[in-house]
Amino acid sequence: MNLFFALLREALWHSQETLPGDLSERQAGKLLRVAEEQTVVGLITDALFRNDVRIGQENLFEAVGMYEQIKAENQRVNKELQGFAQMMNEAGVGYVVVKGQTVAALYPNALLRMPGDIDFLVYDYQTAQRLLQKEWGISLPDSFVEKEVPFEHNGVTYELHTQLITFRCSKHQRYWESMMQRPHQSVVLVDGKEVKTLSPNIYAVYVFAHLFFHFIREGIGLRQMCDWAMILDRYKDDIDPSQLSADLDGLGMKKAYRAFGGVLTTHLGLKTFPLPLNDSDLRASERIMKDILRFGNFGKPSRKVKESGWRFKMETMGRTVRNCCKYFRLAPAEIGMIIPRLVLLNVKLIFSK
């Protein structure tokens with residue numbers, strides 16, 4: 001795995017890592033499989049190509065195909081996002097886009113991050129609903145009852161949110177809502193066009209909280225960690241460490257933030273982390289790194305049950321309970337609220353089925 005992380009650091013920072021000139025077919029094939037599982041194949045192939053690492057003809061054909069496909073998909077999603085942002089801006093509808101292309105824009109090459117959905121927050125659901133119906137013919141439900149409302153336009157999946165994240169502890173939820181009452185918007189350029197997103201301090205909290213909860217429930221890929229690293233690095237001069245520390249205290253997530261931060265500094269090559277790290281944080285980061293590699297992107301590579309159903313839900317619940325026990329000390333108030341709610345939800349789902 002040393003070579004894998006050297007390539008990843010080279011892709012993220014152009015850090016001039018010492019890389020071999022040749023890889024065996026077997027070694028290169030394994031490298032590409034891990035990159036796919038961690039959804040960083042665009043980054044790994046870029047580092048291989050830029051450093052003229054020979055990987056064998058069969059692997060080269062596969063790598064070039066994935067590389068070009070990721071670039072083309074990013075260009076397609078970027079164009080779609082630009083149209084969406086222009087529509088919202090011209091109509092004066094309040095929104096912010098999170099994750100996805102707004103983070104990809106921070107990478108050395110924005111076209112090499114694995115693309116996904118377009119997630120966005122709106123402040124007035126009915127106004128957004130009417131605009132999407134009028135301009136795009138998108139019919140959304142009259143009342144907002146789910147965590148998010150998905151829809152599709154031009155083959156791109158959107159997720160509309162009226163709340164970005166839900167904390168299990170009501171005290172933490174109230175604190176998050178107070179954070180969102182501050183000025184919290186900034187602008188990022190996506191292919192030269194302005195798209196509204198979160199301000200640096202709040203983005204540095206949000207993207208971590210989002211990946212942490214996914215890590216506990218299912219698992220995450222290194223793409224999520226790379227996204228967080230990009231935000232912390234590109235906005236390092238704009239993030240207020242004292243405010244960040246206070247916000248993490250208010251959300252009960254400072255220990256978790258530091259422990260995961262050890263992965264960024266030790267394995268991904270992030271030079272400046274906004275909080276001090278101690279030996280305990282770094283020990284925890286090694287356990288976290290092992291689980292990221294073991295479970296992969298949202299836990300999909302390690303799934304024994306592939307199809308959705310009650311067995312799939314039970315496997316998810318078992319993994320979540322194990323992670324809650326394993327990482328309880330990192331965010332005790334939040335994790336302590338997950339297990340009873342998860343058990344109740346799954347019992348309801350199983351018996352209703």
# chains A, B, ... in the order shown; residues from 1 in each chain; ligands from 1

$ residues_around --residues "Leu43 in chain A" --least-positions-apart "5" --cutoff "12 Å" --atoms "only C-alpha atoms" --output "JSON, numbers by chain"
{"A": [4, 5, 6, 7, 8, 9, 10, 11, 12, 13, 14, 31, 32, 35, 36, 38, 48, 49, 50, 63, 66, 67, 68, 70, 71, 104, 107, 108, 109, 110, 111, 112, 113, 114, 222, 223, 226]}

$ select_by_dssp --residues "range 180-325 of chain A" --states "helix (DSSP H, G or I)" --output "ChimeraX atom specification"
/A:200-217,222-234,241-251,254-266,279-295,297-299,310-325

$ residues_around --residues "Ala204 in chain A" --least-positions-apart "4" --cutoff "12 Å" --atoms "only C-alpha atoms" --output "ChimeraX atom specification"
/A:98-99,103,184,197-200,208-211,225,227-236,238-241,243-245,247-248,257,261,273-275

$ atom_distance --atom1 "CA of Asn323 in chain A" --atom2 "CA of Phe215 in chain A"
8.3 Å

$ residues_around --residues "range 149-164 of chain A" --least-positions-apart "2" --cutoff "6 Å" --atoms "only C-alpha atoms" --output "count of residues only"
6

$ residues_around --residues "range 329-340 of chain A" --least-positions-apart "2" --cutoff "10 Å" --atoms "only C-alpha atoms" --output "NGL selection string"
:A and (167-172 or 212-213 or 216-217 or 251-260 or 281 or 284 or 317 or 320-327 or 342-345)

$ write_last_selection --atoms "C-alpha atoms" --output "PDB file, in the first residue's frame"
ATOM      1  CA  PHE A 167     -27.372  15.149  14.266  1.00  0.00           C
ATOM      2  CA  ARG A 168     -28.726  12.519  16.633  1.00  0.00           C
ATOM      3  CA  CYS A 169     -28.268  14.671  19.735  1.00  0.00           C
ATOM      4  CA  SER A 170     -30.802  17.514  19.813  1.00  0.00           C
ATOM      5  CA  LYS A 171     -28.271  19.810  21.488  1.00  0.00           C
ATOM      6  CA  HIS A 172     -25.895  19.295  18.589  1.00  0.00           C
ATOM      7  CA  PHE A 212     -18.008  10.517   9.720  1.00  0.00           C
ATOM      8  CA  PHE A 213     -21.640   9.414   9.856  1.00  0.00           C
ATOM      9  CA  ILE A 216     -19.977   4.689  11.155  1.00  0.00           C
ATOM     10  CA  ARG A 217     -22.982   3.362   9.222  1.00  0.00           C
ATOM     11  CA  LEU A 251     -21.203  19.484  17.951  1.00  0.00           C
ATOM     12  CA  GLY A 252     -19.345  17.000  20.168  1.00  0.00           C
ATOM     13  CA  MET A 253     -17.030  15.986  17.323  1.00  0.00           C
ATOM     14  CA  LYS A 254     -13.588  17.378  18.135  1.00  0.00           C
ATOM     15  CA  LYS A 255     -12.014  14.037  19.103  1.00  0.00           C
ATOM     16  CA  ALA A 256     -13.347  12.439  15.937  1.00  0.00           C
ATOM     17  CA  TYR A 257     -12.130  15.363  13.839  1.00  0.00           C
ATOM     18  CA  ARG A 258      -8.615  15.058  15.202  1.00  0.00           C
ATOM     19  CA  ALA A 259      -8.501  11.256  14.867  1.00  0.00           C
ATOM     20  CA  PHE A 260      -9.570  11.348  11.227  1.00  0.00           C
ATOM     21  CA  ASP A 281      -5.224  10.849  17.696  1.00  0.00           C
ATOM     22  CA  ALA A 284      -6.855   6.095  16.367  1.00  0.00           C
ATOM     23  CA  MET A 317     -27.038  -2.696  11.233  1.00  0.00           C
ATOM     24  CA  THR A 320     -22.974   0.044  12.375  1.00  0.00           C
ATOM     25  CA  VAL A 321     -23.219  -1.480  15.845  1.00  0.00           C
ATOM     26  CA  ARG A 322     -19.627  -2.744  15.622  1.00  0.00           C
ATOM     27  CA  ASN A 323     -18.392   0.670  14.507  1.00  0.00           C
ATOM     28  CA  CYS A 324     -20.382   2.388  17.247  1.00  0.00           C
ATOM     29  CA  CYS A 325     -18.685   0.230  19.860  1.00  0.00           C
ATOM     30  CA  LYS A 326     -15.258   0.571  18.266  1.00  0.00           C
ATOM     31  CA  TYR A 327     -15.333   4.356  17.849  1.00  0.00           C
ATOM     32  CA  LEU A 342     -31.032   2.169  14.316  1.00  0.00           C
ATOM     33  CA  VAL A 343     -32.381  -0.929  16.067  1.00  0.00           C
ATOM     34  CA  LEU A 344     -35.893   0.557  16.249  1.00  0.00           C
ATOM     35  CA  LEU A 345     -35.821   1.577  12.582  1.00  0.00           C
TER      36      LEU A 345
END

$ residues_around --residues "Gly192 in chain A" --least-positions-apart "4" --cutoff "12 Å" --atoms "only C-alpha atoms" --output "MDAnalysis selection string"
chainID A and resid 78:79 81:82 102 105 110 187:188

$ closest_residue --among "A:Gly250, A:Asn51, A:Val96, A:Gln75" --to "Gln173 in chain A" --atoms "only C-alpha atoms"
A:Gly250

$ atom_distance --atom1 "CA of Gln133 in chain A" --atom2 "CA of Val97 in chain A"
19.3 Å

$ select_by_dssp --residues "range 103-265 of chain A" --states "strand (DSSP E or B)" --output "list in words"
Ile118, Asp119, Phe120, Leu121, Val122, Val149, Pro150, Phe151, Glu152, His153, Val156, Thr157, Tyr158, Glu159, Leu160, His161, Gln185, Ser186, Val187, Val188, Leu189, Val190, Lys193, Glu194, Val195, Lys196, Thr197 and Leu198 of chain A

$ decode --residues "range 143-158 of chain A" --atoms "all heavy atoms" --output "short mmCIF file (atom, residue, chain, number, x, y, z; two decimals), in the first residue's frame"
data_model
loop_
_atom_site.label_atom_id
_atom_site.label_comp_id
_atom_site.auth_asym_id
_atom_site.auth_seq_id
_atom_site.Cartn_x
_atom_site.Cartn_y
_atom_site.Cartn_z
N SER A 143 -45.27 18.71 -0.28
CA SER A 143 -44.74 18.83 1.08
C SER A 143 -43.41 18.08 1.17
O SER A 143 -43.24 17.02 0.55
CB SER A 143 -45.72 18.25 2.11
OG SER A 143 -45.98 16.89 1.83
N PHE A 144 -42.50 18.65 1.93
CA PHE A 144 -41.17 18.08 2.06
C PHE A 144 -41.15 17.22 3.31
O PHE A 144 -41.14 17.72 4.43
CB PHE A 144 -40.12 19.20 2.18
CG PHE A 144 -38.71 18.71 2.03
CD1 PHE A 144 -38.07 18.78 0.81
CD2 PHE A 144 -38.01 18.19 3.10
CE1 PHE A 144 -36.76 18.34 0.65
CE2 PHE A 144 -36.72 17.76 2.97
CZ PHE A 144 -36.08 17.83 1.75
N VAL A 145 -41.17 15.89 3.12
CA VAL A 145 -41.25 14.99 4.28
C VAL A 145 -40.01 14.11 4.42
O VAL A 145 -39.77 13.55 5.48
CB VAL A 145 -42.50 14.09 4.20
CG1 VAL A 145 -43.76 14.93 4.30
CG2 VAL A 145 -42.52 13.28 2.91
N GLU A 146 -39.21 13.99 3.36
CA GLU A 146 -38.03 13.14 3.41
C GLU A 146 -36.79 13.97 3.73
O GLU A 146 -36.81 15.20 3.71
CB GLU A 146 -37.84 12.41 2.07
CG GLU A 146 -39.01 11.54 1.66
CD GLU A 146 -39.21 10.35 2.58
OE1 GLU A 146 -38.23 9.93 3.22
OE2 GLU A 146 -40.34 9.86 2.66
N LYS A 147 -35.68 13.26 4.03
CA LYS A 147 -34.42 13.95 4.29
C LYS A 147 -33.97 14.72 3.05
O LYS A 147 -33.39 15.79 3.14
CB LYS A 147 -33.36 12.94 4.71
CG LYS A 147 -32.03 13.56 5.09
CD LYS A 147 -31.04 12.50 5.53
CE LYS A 147 -29.68 13.12 5.87
NZ LYS A 147 -28.69 12.09 6.24
N GLU A 148 -34.17 14.12 1.88
CA GLU A 148 -33.87 14.81 0.63
C GLU A 148 -34.86 14.36 -0.43
O GLU A 148 -35.50 13.31 -0.29
CB GLU A 148 -32.44 14.55 0.17
CG GLU A 148 -32.14 13.13 -0.25
CD GLU A 148 -31.67 12.25 0.90
OE1 GLU A 148 -31.06 12.76 1.86
OE2 GLU A 148 -31.94 11.02 0.83
N VAL A 149 -34.99 15.15 -1.48
CA VAL A 149 -35.87 14.80 -2.60
C VAL A 149 -34.99 14.65 -3.84
O VAL A 149 -34.37 15.62 -4.29
CB VAL A 149 -36.94 15.89 -2.84
CG1 VAL A 149 -37.74 15.55 -4.09
CG2 VAL A 149 -37.86 16.01 -1.65
N PRO A 150 -34.88 13.45 -4.39
CA PRO A 150 -34.07 13.25 -5.58
C PRO A 150 -34.87 13.51 -6.85
O PRO A 150 -36.09 13.30 -6.89
CB PRO A 150 -33.66 11.78 -5.48
CG PRO A 150 -34.80 11.13 -4.76
CD PRO A 150 -35.38 12.17 -3.84
N PHE A 151 -34.20 13.97 -7.88
CA PHE A 151 -34.80 14.06 -9.21
C PHE A 151 -33.68 14.02 -10.23
O PHE A 151 -32.50 14.10 -9.89
CB PHE A 151 -35.65 15.32 -9.35
CG PHE A 151 -34.91 16.62 -9.23
CD1 PHE A 151 -34.34 17.23 -10.34
CD2 PHE A 151 -34.78 17.25 -8.00
CE1 PHE A 151 -33.65 18.43 -10.24
CE2 PHE A 151 -34.10 18.46 -7.88
CZ PHE A 151 -33.53 19.05 -9.00
N GLU A 152 -34.05 13.88 -11.49
CA GLU A 152 -33.05 13.76 -12.54
C GLU A 152 -33.30 14.78 -13.63
O GLU A 152 -34.45 15.09 -13.97
CB GLU A 152 -33.09 12.34 -13.13
CG GLU A 152 -31.93 12.03 -14.07
CD GLU A 152 -31.87 10.56 -14.47
OE1 GLU A 152 -31.66 9.71 -13.59
OE2 GLU A 152 -32.04 10.30 -15.68
N HIS A 153 -32.24 15.34 -14.17
CA HIS A 153 -32.34 16.28 -15.29
C HIS A 153 -31.14 16.08 -16.19
O HIS A 153 -29.99 16.07 -15.74
CB HIS A 153 -32.38 17.72 -14.78
CG HIS A 153 -32.58 18.74 -15.86
ND1 HIS A 153 -31.57 19.56 -16.31
CD2 HIS A 153 -33.68 19.05 -16.60
CE1 HIS A 153 -32.04 20.34 -17.26
NE2 HIS A 153 -33.31 20.06 -17.47
N ASN A 154 -31.41 15.89 -17.48
CA ASN A 154 -30.35 15.64 -18.46
C ASN A 154 -29.43 14.49 -18.05
O ASN A 154 -28.21 14.52 -18.27
CB ASN A 154 -29.51 16.90 -18.69
CG ASN A 154 -30.27 17.98 -19.45
OD1 ASN A 154 -31.23 17.69 -20.17
ND2 ASN A 154 -29.85 19.23 -19.28
N GLY A 155 -30.01 13.48 -17.44
CA GLY A 155 -29.24 12.30 -17.05
C GLY A 155 -28.39 12.48 -15.82
O GLY A 155 -27.61 11.59 -15.48
N VAL A 156 -28.51 13.62 -15.12
CA VAL A 156 -27.76 13.88 -13.90
C VAL A 156 -28.72 13.84 -12.71
O VAL A 156 -29.80 14.42 -12.77
CB VAL A 156 -27.05 15.25 -13.95
CG1 VAL A 156 -26.36 15.56 -12.62
CG2 VAL A 156 -26.04 15.27 -15.09
N THR A 157 -28.33 13.12 -11.66
CA THR A 157 -29.17 13.01 -10.47
C THR A 157 -28.89 14.17 -9.52
O THR A 157 -27.74 14.49 -9.23
CB THR A 157 -28.91 11.69 -9.74
OG1 THR A 157 -29.20 10.60 -10.62
CG2 THR A 157 -29.78 11.57 -8.49
N TYR A 158 -29.97 14.80 -9.06
CA TYR A 158 -29.90 15.87 -8.07
C TYR A 158 -30.51 15.36 -6.76
O TYR A 158 -31.39 14.49 -6.77
CB TYR A 158 -30.72 17.08 -8.51
CG TYR A 158 -30.14 17.90 -9.62
CD1 TYR A 158 -30.21 17.49 -10.95
CD2 TYR A 158 -29.52 19.13 -9.37
CE1 TYR A 158 -29.70 18.26 -11.98
CE2 TYR A 158 -29.01 19.92 -10.39
CZ TYR A 158 -29.10 19.47 -11.69
OH TYR A 158 -28.58 20.24 -12.71
#
